[in-house]
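A.B. asks: This one is entry04.pdb, PDB, C-alpha atoms and all ligand atoms.
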```pdb
ATOM      1  CA  MET A 664     134.738  97.240 111.969
ATOM      2  CA  ARG A 665     132.546  98.568 109.207
ATOM      3  CA  VAL A 666     128.886  98.176 108.398
ATOM      4  CA  SER A 667     127.327  98.492 104.961
ATOM      5  CA  TYR A 668     123.711  98.198 103.872
ATOM      6  CA  ASP A 669     122.055  96.368 101.016
ATOM      7  CA  PHE A 670     118.672  97.957 100.223
ATOM      8  CA  ARG A 671     118.176  96.337  96.809
ATOM      9  CA  GLU A 672     114.464  95.585  96.345
ATOM     10  CA  SER A 673     113.604  97.828  99.303
ATOM     11  CA  VAL A 674     111.272 100.814  99.102
ATOM     12  CA  VAL A 675     111.668 103.607 101.638
ATOM     13  CA  VAL A 676     109.269 106.555 101.768
ATOM     14  CA  VAL A 677     110.835 109.686 103.258
ATOM     15  CA  THR A 678     108.576 112.655 103.984
ATOM     16  CA  GLY A 679     110.528 115.899 104.037
ATOM     17  CA  GLY A 680     112.875 114.095 101.661
ATOM     18  CA  GLY A 681     113.497 117.211  99.604
ATOM     19  CA  HIS A 682     115.989 118.889 101.896
ATOM     20  CA  GLY A 683     118.076 118.482 105.020
ATOM     21  CA  ILE A 684     118.171 115.164 106.857
ATOM     22  CA  GLY A 685     115.432 113.588 104.727
ATOM     23  CA  ALA A 686     117.316 114.333 101.488
ATOM     24  CA  GLY A 687     120.494 112.901 103.006
ATOM     25  CA  LEU A 688     118.600 109.716 103.819
ATOM     26  CA  CYS A 689     117.175 109.462 100.276
ATOM     27  CA  ARG A 690     120.702 109.652  98.847
ATOM     28  CA  ALA A 691     121.952 106.998 101.266
ATOM     29  CA  VAL A 692     119.073 104.627 100.432
ATOM     30  CA  ALA A 693     119.771 105.001  96.688
ATOM     31  CA  LYS A 694     123.487 104.504  97.314
ATOM     32  CA  ALA A 695     122.631 101.206  99.036
ATOM     33  CA  GLY A 696     120.673 100.083  95.954
ATOM     34  CA  GLY A 697     117.163 100.861  97.211
ATOM     35  CA  THR A 698     114.282 103.005  96.015
ATOM     36  CA  ALA A 699     113.735 106.157  98.042
ATOM     37  CA  VAL A 700     110.443 107.975  97.533
ATOM     38  CA  SER A 701     111.145 111.586  98.474
ATOM     39  CA  ALA A 702     107.801 113.122  99.484
ATOM     40  CA  ASP A 703     108.056 116.860 100.033
ATOM     41  CA  ILE A 704     105.961 119.990  99.659
ATOM     42  CA  ALA A 705     108.996 121.677  98.090
ATOM     43  CA  PRO A 706     110.532 118.786  96.149
ATOM     44  CA  ASP A 707     114.095 118.993  94.887
ATOM     45  CA  VAL A 708     113.955 117.498  91.394
ATOM     46  CA  ALA A 709     117.755 117.510  91.233
ATOM     47  CA  LEU A 710     117.643 114.588  93.671
ATOM     48  CA  ASN A 711     116.558 112.525  90.622
ATOM     49  CA  GLN A 712     119.999 112.962  89.194
ATOM     50  CA  TYR A 713     121.844 111.436  92.113
ATOM     51  CA  ASP A 714     124.198 108.891  90.610
ATOM     52  CA  ALA A 715     123.684 105.665  92.555
ATOM     53  CA  PRO A 716     122.785 102.005  92.051
ATOM     54  CA  GLY A 717     119.283 102.686  93.376
ATOM     55  CA  GLN A 718     116.851 105.492  92.560
ATOM     56  CA  ILE A 719     115.132 108.496  94.097
ATOM     57  CA  ASP A 720     111.513 108.994  93.073
ATOM     58  CA  VAL A 721     110.668 112.643  93.743
ATOM     59  CA  LYS A 722     107.048 113.439  94.632
ATOM     60  CA  MET A 723     105.224 116.593  95.662
ATOM     61  CA  VAL A 724     103.144 115.959  98.767
ATOM     62  CA  ASP A 725     101.616 118.008 101.568
ATOM     63  CA  VAL A 726     101.834 115.671 104.554
ATOM     64  CA  GLY A 727      99.512 117.973 106.486
ATOM     65  CA  GLN A 728      96.640 116.942 104.223
ATOM     66  CA  ALA A 729      95.431 113.379 104.686
ATOM     67  CA  GLU A 730      94.370 112.960 101.033
ATOM     68  CA  SER A 731      97.749 114.119  99.756
ATOM     69  CA  LEU A 732      99.838 111.877 102.012
ATOM     70  CA  GLN A 733      97.556 108.849 101.830
ATOM     71  CA  GLY A 734      97.346 109.272  98.033
ATOM     72  CA  LEU A 735     101.156 109.212  97.823
ATOM     73  CA  LEU A 736     101.288 106.020  99.883
ATOM     74  CA  ARG A 737      98.602 104.323  97.788
ATOM     75  CA  ASP A 738     100.397 105.380  94.573
ATOM     76  CA  THR A 739     103.678 104.042  95.950
ATOM     77  CA  LEU A 740     102.059 100.696  96.715
ATOM     78  CA  ALA A 741     100.518 100.607  93.240
ATOM     79  CA  SER A 742     103.881 101.395  91.588
ATOM     80  CA  TYR A 743     106.251  99.321  93.692
ATOM     81  CA  GLY A 744     103.993  96.812  95.456
ATOM     82  CA  GLN A 745     105.511  97.411  98.881
ATOM     83  CA  ILE A 746     106.729  99.920 101.433
ATOM     84  CA  ASP A 747     109.527  98.523 103.596
ATOM     85  CA  ALA A 748     110.139 101.641 105.630
ATOM     86  CA  PHE A 749     108.538 105.024 106.236
ATOM     87  CA  VAL A 750     110.509 107.906 107.686
ATOM     88  CA  GLN A 751     108.554 110.965 108.766
ATOM     89  CA  ALA A 752     111.063 113.833 108.559
ATOM     90  CA  ALA A 753     108.759 116.623 107.314
ATOM     91  CA  ALA A 754     108.198 119.333 109.901
ATOM     92  CA  ILE A 755     107.593 123.051 110.254
ATOM     93  CA  GLN A 756     108.453 125.362 113.103
ATOM     94  CA  PRO A 757     106.785 128.786 112.953
ATOM     95  CA  ARG A 758     107.996 130.990 115.782
ATOM     96  CA  GLN A 759     105.256 133.020 117.427
ATOM     97  CA  ALA A 760     104.182 133.672 120.993
ATOM     98  CA  ILE A 761     100.981 131.861 121.932
ATOM     99  CA  GLU A 762      98.943 135.078 121.928
ATOM    100  CA  GLU A 763     100.293 135.943 118.466
ATOM    101  CA  MET A 764      99.789 132.545 116.862
ATOM    102  CA  SER A 765      96.559 132.121 114.922
ATOM    103  CA  GLN A 766      94.501 128.991 115.452
ATOM    104  CA  GLU A 767      95.066 128.264 111.774
ATOM    105  CA  THR A 768      98.843 128.236 112.265
ATOM    106  CA  TRP A 769      98.530 126.082 115.391
ATOM    107  CA  HIS A 770      96.405 123.518 113.535
ATOM    108  CA  ARG A 771      98.779 123.582 110.550
ATOM    109  CA  VAL A 772     101.704 122.665 112.828
ATOM    110  CA  MET A 773      99.655 119.840 114.350
ATOM    111  CA  ASN A 774      98.682 118.559 110.889
ATOM    112  CA  VAL A 775     102.145 118.685 109.324
ATOM    113  CA  ASN A 776     104.239 117.500 112.274
ATOM    114  CA  LEU A 777     101.931 115.120 114.154
ATOM    115  CA  ASN A 778      98.653 114.226 112.425
ATOM    116  CA  SER A 779     100.625 113.261 109.302
ATOM    117  CA  LEU A 780     101.992 110.195 111.086
ATOM    118  CA  PHE A 781      98.455 109.143 112.008
ATOM    119  CA  TYR A 782      97.340 109.671 108.399
ATOM    120  CA  ALA A 783     100.283 107.592 107.184
ATOM    121  CA  GLY A 784      99.698 104.912 109.801
ATOM    122  CA  GLN A 785      96.196 104.291 108.480
ATOM    123  CA  ILE A 786      97.742 103.052 105.207
ATOM    124  CA  LEU A 787     101.042 101.711 106.524
ATOM    125  CA  MET A 788      99.873  99.596 109.448
ATOM    126  CA  PRO A 789      97.534  97.290 107.479
ATOM    127  CA  HIS A 790     100.113  96.975 104.685
ATOM    128  CA  MET A 791     103.046  96.245 106.981
ATOM    129  CA  LYS A 792     101.018  93.952 109.263
ATOM    130  CA  SER A 793      99.961  91.857 106.278
ATOM    131  CA  ARG A 794     103.616  91.566 105.202
ATOM    132  CA  GLN A 795     104.690  90.824 108.787
ATOM    133  CA  SER A 796     107.442  93.392 108.264
ATOM    134  CA  GLY A 797     108.067  97.111 108.161
ATOM    135  CA  ALA A 798     109.873  99.947 109.898
ATOM    136  CA  ILE A 799     108.476 103.353 110.820
ATOM    137  CA  VAL A 800     110.672 106.176 112.097
ATOM    138  CA  ALA A 801     109.657 109.651 113.303
ATOM    139  CA  PHE A 802     111.663 112.591 114.596
ATOM    140  CA  THR A 803     111.324 114.123 118.006
ATOM    141  CA  SER A 804     113.393 117.074 119.271
ATOM    142  CA  GLY A 805     115.133 118.238 122.393
ATOM    143  CA  LEU A 806     112.466 120.933 122.530
ATOM    144  CA  ALA A 807     109.946 118.203 123.461
ATOM    145  CA  GLN A 808     111.712 118.075 126.835
ATOM    146  CA  THR A 809     112.645 121.715 127.353
ATOM    147  CA  GLY A 810     109.884 123.602 125.572
ATOM    148  CA  TRP A 811     110.963 126.783 123.792
ATOM    149  CA  ALA A 812     109.625 130.303 123.732
ATOM    150  CA  LYS A 813     107.567 130.897 120.581
ATOM    151  CA  ALA A 814     107.913 127.240 119.513
ATOM    152  CA  SER A 815     105.006 125.869 121.569
ATOM    153  CA  GLY A 816     103.263 124.104 118.698
ATOM    154  CA  TYR A 817     106.449 122.512 117.372
ATOM    155  CA  ALA A 818     107.558 121.389 120.853
ATOM    156  CA  ALA A 819     104.108 119.955 121.619
ATOM    157  CA  THR A 820     104.018 117.927 118.397
ATOM    158  CA  LYS A 821     107.509 116.603 119.008
ATOM    159  CA  ALA A 822     106.493 115.373 122.477
ATOM    160  CA  ALA A 823     103.259 113.826 121.212
ATOM    161  CA  LEU A 824     105.112 111.977 118.437
ATOM    162  CA  ILE A 825     106.956 109.949 121.061
ATOM    163  CA  ALA A 826     103.681 108.594 122.478
ATOM    164  CA  LEU A 827     102.252 108.010 119.000
ATOM    165  CA  VAL A 828     105.312 106.062 117.867
ATOM    166  CA  LYS A 829     105.413 103.996 121.064
ATOM    167  CA  SER A 830     101.737 103.128 120.551
ATOM    168  CA  MET A 831     102.415 102.132 116.937
ATOM    169  CA  ALA A 832     105.220  99.927 118.222
ATOM    170  CA  LYS A 833     102.796  98.177 120.597
ATOM    171  CA  GLU A 834     100.214  97.667 117.835
ATOM    172  CA  GLY A 835     102.847  96.424 115.391
ATOM    173  CA  LEU A 836     104.755  94.149 117.759
ATOM    174  CA  PRO A 837     102.722  90.951 117.155
ATOM    175  CA  TYR A 838     103.084  91.482 113.401
ATOM    176  CA  GLY A 839     106.793  92.250 113.093
ATOM    177  CA  VAL A 840     106.112  95.931 112.409
ATOM    178  CA  ARG A 841     108.553  98.262 114.169
ATOM    179  CA  ALA A 842     108.265 101.938 115.085
ATOM    180  CA  ASN A 843     111.050 104.011 116.610
ATOM    181  CA  VAL A 844     111.710 107.677 117.209
ATOM    182  CA  ILE A 845     114.954 109.592 116.828
ATOM    183  CA  ALA A 846     116.124 112.843 118.394
ATOM    184  CA  PRO A 847     118.781 113.922 115.875
ATOM    185  CA  GLY A 848     120.306 116.681 117.994
ATOM    186  CA  ILE A 849     120.859 120.166 116.647
ATOM    187  CA  THR A 850     121.651 119.696 112.964
ATOM    188  CA  ASP A 851     122.769 122.267 110.422
ATOM    189  CA  THR A 852     119.698 122.432 108.163
ATOM    190  CA  ASP A 853     117.095 125.061 107.207
ATOM    191  CA  LEU A 854     115.013 124.007 110.205
ATOM    192  CA  PHE A 855     117.861 125.105 112.472
ATOM    193  CA  THR A 856     118.957 128.282 110.711
ATOM    194  CA  GLY A 857     115.420 129.407 109.772
ATOM    195  CA  PRO A 858     113.559 129.599 113.089
ATOM    196  CA  ASN A 859     116.529 130.400 115.357
ATOM    197  CA  ASP A 860     117.812 133.957 115.400
ATOM    198  CA  ASP A 861     121.547 134.716 115.640
ATOM    199  CA  GLY A 862     121.481 134.715 119.445
ATOM    200  CA  GLU A 863     119.753 131.364 119.605
ATOM    201  CA  GLN A 864     122.086 129.840 117.012
ATOM    202  CA  GLU A 865     125.056 131.077 119.015
ATOM    203  CA  PHE A 866     123.506 129.620 122.158
ATOM    204  CA  PHE A 867     123.125 126.193 120.587
ATOM    205  CA  ARG A 868     126.620 126.291 119.114
ATOM    206  CA  VAL A 869     128.316 127.290 122.336
ATOM    207  CA  ARG A 870     126.143 126.051 125.197
ATOM    208  CA  GLY A 871     123.677 123.639 123.602
ATOM    209  CA  GLY A 872     126.183 120.959 122.711
ATOM    210  CA  GLY A 873     127.158 122.164 119.238
ATOM    211  CA  VAL A 874     125.632 121.767 115.803
ATOM    212  CA  GLY A 875     125.875 118.447 113.981
ATOM    213  CA  THR A 876     125.639 117.558 110.317
ATOM    214  CA  VAL A 877     123.172 115.591 108.196
ATOM    215  CA  ASP A 878     125.903 113.015 107.565
ATOM    216  CA  GLU A 879     126.088 112.323 111.291
ATOM    217  CA  VAL A 880     122.356 111.585 111.529
ATOM    218  CA  VAL A 881     121.829 109.498 108.369
ATOM    219  CA  PRO A 882     123.730 106.366 109.565
ATOM    220  CA  LEU A 883     121.422 106.163 112.580
ATOM    221  CA  LEU A 884     118.375 106.291 110.301
ATOM    222  CA  LEU A 885     119.821 103.544 108.084
ATOM    223  CA  PHE A 886     120.269 101.438 111.207
ATOM    224  CA  LEU A 887     116.678 102.073 112.331
ATOM    225  CA  ILE A 888     115.147 101.026 108.996
ATOM    226  CA  ALA A 889     117.436  98.048 108.345
ATOM    227  CA  ASP A 890     117.299  94.516 109.728
ATOM    228  CA  ALA A 891     120.278  95.407 111.923
ATOM    229  CA  SER A 892     117.693  96.876 114.323
ATOM    230  CA  GLU A 893     115.020  94.202 113.879
ATOM    231  CA  SER A 894     114.879  93.586 117.645
ATOM    232  CA  LEU A 895     114.387  97.302 118.379
ATOM    233  CA  THR A 896     110.915  98.839 118.575
ATOM    234  CA  GLY A 897     109.303 101.535 120.685
ATOM    235  CA  ALA A 898     112.747 103.031 121.288
ATOM    236  CA  LEU A 899     113.924 106.635 121.370
ATOM    237  CA  LEU A 900     117.400 106.953 119.898
ATOM    238  CA  SER A 901     118.841 110.273 120.981
ATOM    239  CA  ARG A 902     121.795 112.374 119.861
ATOM    240  CA  ASP A 903     120.353 115.228 121.822
ATOM    241  CA  LEU A 904     122.419 116.728 124.601
ATOM    242  CA  ILE A 905     120.615 118.215 127.552
ATOM    243  CA  ILE A 906     119.750 121.766 126.633
ATOM    244  CA  HIS A 907     119.691 124.278 129.433
ATOM    245  CA  PRO A 908     117.333 127.248 129.262
ATOM    246  CA  PRO A 909     118.585 130.033 127.020
ATOM    247  CA  PRO A 910     120.142 133.108 128.551
ATOM    248  CA  ARG A 911     117.552 135.759 129.453
ATOM    249  CA  ASN A 912     118.772 138.103 126.728
ATOM    250  CA  VAL A 913     117.687 135.637 124.006
ATOM    251  CA  ARG A 914     114.330 136.842 122.743
TER     252      ARG A 914
HETATM  253  N1  LIG A1001     117.701 120.412 112.312
HETATM  254  C1  LIG A1001     117.599 120.258 113.625
HETATM  255  O1  LIG A1001     118.341 120.875 114.398
HETATM  256  C2  LIG A1001     116.589 119.306 114.198
HETATM  257  C3  LIG A1001     116.586 119.091 115.586
HETATM  258  C4  LIG A1001     115.645 118.226 116.140
HETATM  259  C5  LIG A1001     114.735 117.578 115.297
HETATM  260  N2  LIG A1001     114.766 117.802 113.951
HETATM  261  C6  LIG A1001     113.787 117.103 113.117
HETATM  262  O2  LIG A1001     114.424 116.508 112.007
HETATM  263  C7  LIG A1001     113.473 116.377 110.939
HETATM  264  C8  LIG A1001     114.128 116.828 109.642
HETATM  265  O3  LIG A1001     114.344 118.233 109.715
HETATM  266  P1  LIG A1001     115.549 118.967 108.957
HETATM  267  O4  LIG A1001     116.405 119.541 110.002
HETATM  268  O5  LIG A1001     116.140 118.102 107.907
HETATM  269  O6  LIG A1001     114.718 120.183 108.325
HETATM  270  P2  LIG A1001     114.585 120.746 106.822
HETATM  271  O7  LIG A1001     113.830 122.002 106.948
HETATM  272  O8  LIG A1001     115.909 120.747 106.148
HETATM  273  O9  LIG A1001     113.662 119.620 106.144
HETATM  274  C9  LIG A1001     112.283 119.537 106.407
HETATM  275  C10 LIG A1001     111.598 119.197 105.107
HETATM  276  O10 LIG A1001     110.185 119.080 105.340
HETATM  277  C11 LIG A1001     109.528 119.609 104.205
HETATM  278  N3  LIG A1001     108.148 119.961 104.555
HETATM  279  C12 LIG A1001     107.698 120.991 105.322
HETATM  280  N4  LIG A1001     106.362 120.997 105.349
HETATM  281  C13 LIG A1001     105.948 119.951 104.602
HETATM  282  C14 LIG A1001     104.669 119.451 104.239
HETATM  283  N5  LIG A1001     103.538 120.035 104.656
HETATM  284  N6  LIG A1001     104.616 118.354 103.440
HETATM  285  C15 LIG A1001     105.747 117.767 102.984
HETATM  286  N7  LIG A1001     106.982 118.208 103.290
HETATM  287  C16 LIG A1001     107.086 119.280 104.081
HETATM  288  C17 LIG A1001     110.366 120.822 103.824
HETATM  289  O11 LIG A1001     110.100 121.262 102.492
HETATM  290  C18 LIG A1001     111.773 120.273 104.025
HETATM  291  O12 LIG A1001     112.246 119.675 102.829
HETATM  292  C19 LIG A1001     112.263 117.228 111.354
HETATM  293  O13 LIG A1001     111.218 116.378 111.771
HETATM  294  C20 LIG A1001     112.773 118.044 112.525
HETATM  295  O14 LIG A1001     111.751 118.376 113.435
HETATM  296  C21 LIG A1001     115.672 118.648 113.382
END
```
Write the structure described by the file as structure tokens, please.
C.D. replies:
Amino acid sequence: MRVSYDFRESVVVVTGGGHGIGAGLCRAVAKAGGTAVSADIAPDVALNQYDAPGQIDVKMVDVGQAESLQGLLRDTLASYGQIDAFVQAAAIQPRQAIEEMSQETWHRVMNVNLNSLFYAGQILMPHMKSRQSGAIVAFTSGLAQTGWAKASGYAATKAALIALVKSMAKEGLPYGVRANVIAPGITDTDLFTGPNDDGEQEFFRVRGGGVGTVDEVVPLLLFLIADASESLTGALLSRDLIIHPPPRNVR
């Protein structure tokens, strides 16, 4: 049994689409004939050159700033006339103890990881409601359940995103607008290797259930944005294995 997707005439906006899981999704959307708008603060222009039936439109956006993200969405609507799906993959994870973290850093994490979905929703919900169609996907993390030393802001945003997405699902339900959240599990990207020191990486590899790949996560995202999941909204799709607290010698 095999599944394949046809995204011709579909427009998918992917924040954090410059690298990691978001970039993998942009390539998959273009491969399926669609238009992926890769919205990233550090865009990878080489994504333009991906040889596929569809296209990747690379944009520089700071999702933590309402004007920047909402401007990108308005420009996308002006250029393409529609947004069929929005995937919020952009995230940051500065590692600092609470007493070391500045209020500025805390608010930046809230803006980039969490408030961005609210900013986007202000443009997306009216558009998708009027079309009686649309899919929104955000990423949570296992750390939303466990917490993690020095990752308080990140963990808090990833927990709050679940409630935000479930509320969007309730608001969108009468209009055919869907919102789901995915926990991708530990995945070998910059967001795994950057914040986690060698001891933590070893912990996740050995005791945290292992480290997955972008290619393992992308098919689940394609499912969540496609009509294959049209009866699914307000759901949390998890590849996350239960993570036990780290050994005491992990600092
Ligand atoms: N990798 C993991 O182990 C893991 C585990 C659980 C959840 N997640 C979630 O998966 C999603 C994708 O992460 P990834 O692993 O591909 O990480 P990644 O670091 O490879 O990609 C994140 C992207 O977000 C972009 N970004 C950061 N700040 C931005 C901003 N202000 N505006 C626009 N773009 C910005 C980065 O430039 C980068 O391209 C994230 O939401 C992350 O929280 C990842």
A.B. asks: To verify the selection step, state as a PyMOL selection string which residues the PyMOL selection byres (((not hetatm)) within 6 of (chain A and resi 1001)) yields on this input.
C.D. replies: chain A and resi 678-685+703-705+724-727+752-755+775+802-804+846-855
A.B. asks: Take the residues from that selection and write them out as a PDB file, in the coordinates of the input, keeping C-alpha atoms.
C.D. replies:
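Dumped to selection_7.pdb:
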```
ATOM      1  CA  THR A 678     108.576 112.655 103.984  1.00  0.00           C
ATOM      2  CA  GLY A 679     110.528 115.899 104.037  1.00  0.00           C
ATOM      3  CA  GLY A 680     112.875 114.095 101.661  1.00  0.00           C
ATOM      4  CA  GLY A 681     113.497 117.211  99.604  1.00  0.00           C
ATOM      5  CA  HIS A 682     115.989 118.889 101.896  1.00  0.00           C
ATOM      6  CA  GLY A 683     118.076 118.482 105.020  1.00  0.00           C
ATOM      7  CA  ILE A 684     118.171 115.164 106.857  1.00  0.00           C
ATOM      8  CA  GLY A 685     115.432 113.588 104.727  1.00  0.00           C
ATOM      9  CA  ASP A 703     108.056 116.860 100.033  1.00  0.00           C
ATOM     10  CA  ILE A 704     105.961 119.990  99.659  1.00  0.00           C
ATOM     11  CA  ALA A 705     108.996 121.677  98.090  1.00  0.00           C
ATOM     12  CA  VAL A 724     103.144 115.959  98.767  1.00  0.00           C
ATOM     13  CA  ASP A 725     101.616 118.008 101.568  1.00  0.00           C
ATOM     14  CA  VAL A 726     101.834 115.671 104.554  1.00  0.00           C
ATOM     15  CA  GLY A 727      99.512 117.973 106.486  1.00  0.00           C
ATOM     16  CA  ALA A 752     111.063 113.833 108.559  1.00  0.00           C
ATOM     17  CA  ALA A 753     108.759 116.623 107.314  1.00  0.00           C
ATOM     18  CA  ALA A 754     108.198 119.333 109.901  1.00  0.00           C
ATOM     19  CA  ILE A 755     107.593 123.051 110.254  1.00  0.00           C
ATOM     20  CA  VAL A 775     102.145 118.685 109.324  1.00  0.00           C
ATOM     21  CA  PHE A 802     111.663 112.591 114.596  1.00  0.00           C
ATOM     22  CA  THR A 803     111.324 114.123 118.006  1.00  0.00           C
ATOM     23  CA  SER A 804     113.393 117.074 119.271  1.00  0.00           C
ATOM     24  CA  ALA A 846     116.124 112.843 118.394  1.00  0.00           C
ATOM     25  CA  PRO A 847     118.781 113.922 115.875  1.00  0.00           C
ATOM     26  CA  GLY A 848     120.306 116.681 117.994  1.00  0.00           C
ATOM     27  CA  ILE A 849     120.859 120.166 116.647  1.00  0.00           C
ATOM     28  CA  THR A 850     121.651 119.696 112.964  1.00  0.00           C
ATOM     29  CA  ASP A 851     122.769 122.267 110.422  1.00  0.00           C
ATOM     30  CA  THR A 852     119.698 122.432 108.163  1.00  0.00           C
ATOM     31  CA  ASP A 853     117.095 125.061 107.207  1.00  0.00           C
ATOM     32  CA  LEU A 854     115.013 124.007 110.205  1.00  0.00           C
ATOM     33  CA  PHE A 855     117.861 125.105 112.472  1.00  0.00           C
TER      34      PHE A 855
END
```
A.B. asks: For the file shown, what are the residues hit by the PyMOL selection byres (((chain A and resi 673-677) around 9) and not hetatm), laid out as number ranges by chain?
C.D. replies: A: 669-672, 678-681, 685-686, 688-689, 692, 696-703, 736, 739, 743, 745-753, 888
A.B. asks: Which neighbours of Val666 in chain A fall inside 10 Å, counting all atoms listed in the file, when residues of the same chain fewer than 5 positions from it are skipped, and could you give them as a PyMOL selection string?
C.D. replies: chain A and resi 882+886+891
A.B. asks: Neighbours of Leu887 in chain A within 12 Å (only C-alpha atoms; same-chain residues fewer than 5 positions away dropped), as an MDAnalysis selection string?
C.D. replies: chainID A and resid 668 675 688 747:750 797:802 841:845 880:882 892:900
A.B. asks: Show me the residues around (121.4, 132.0, 116.6) - criterion: an atom at most 12 Å away, only C-alpha atoms counted - as JSON, numbers by chain.
C.D. replies: {"A": [849, 851, 855, 856, 857, 858, 859, 860, 861, 862, 863, 864, 865, 866, 867, 868, 869, 870, 871, 873, 874, 909, 913, 914]}
A.B. asks: Taking all atoms listed in the file into account, name the residue in A:Gly810, A:Gly872, A:Gly784, A:Gly717 that is nearest to Ala695 in chain A.
C.D. replies: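 Answer, going by the shortest atom-to-atom distance: A:Gly717.
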A.B. asks: Report, in Å with one decimal, the straight-line distance from CA of Ala715 in chain A to CA of Arg665 in chain A.
C.D. replies: 20.2 Å
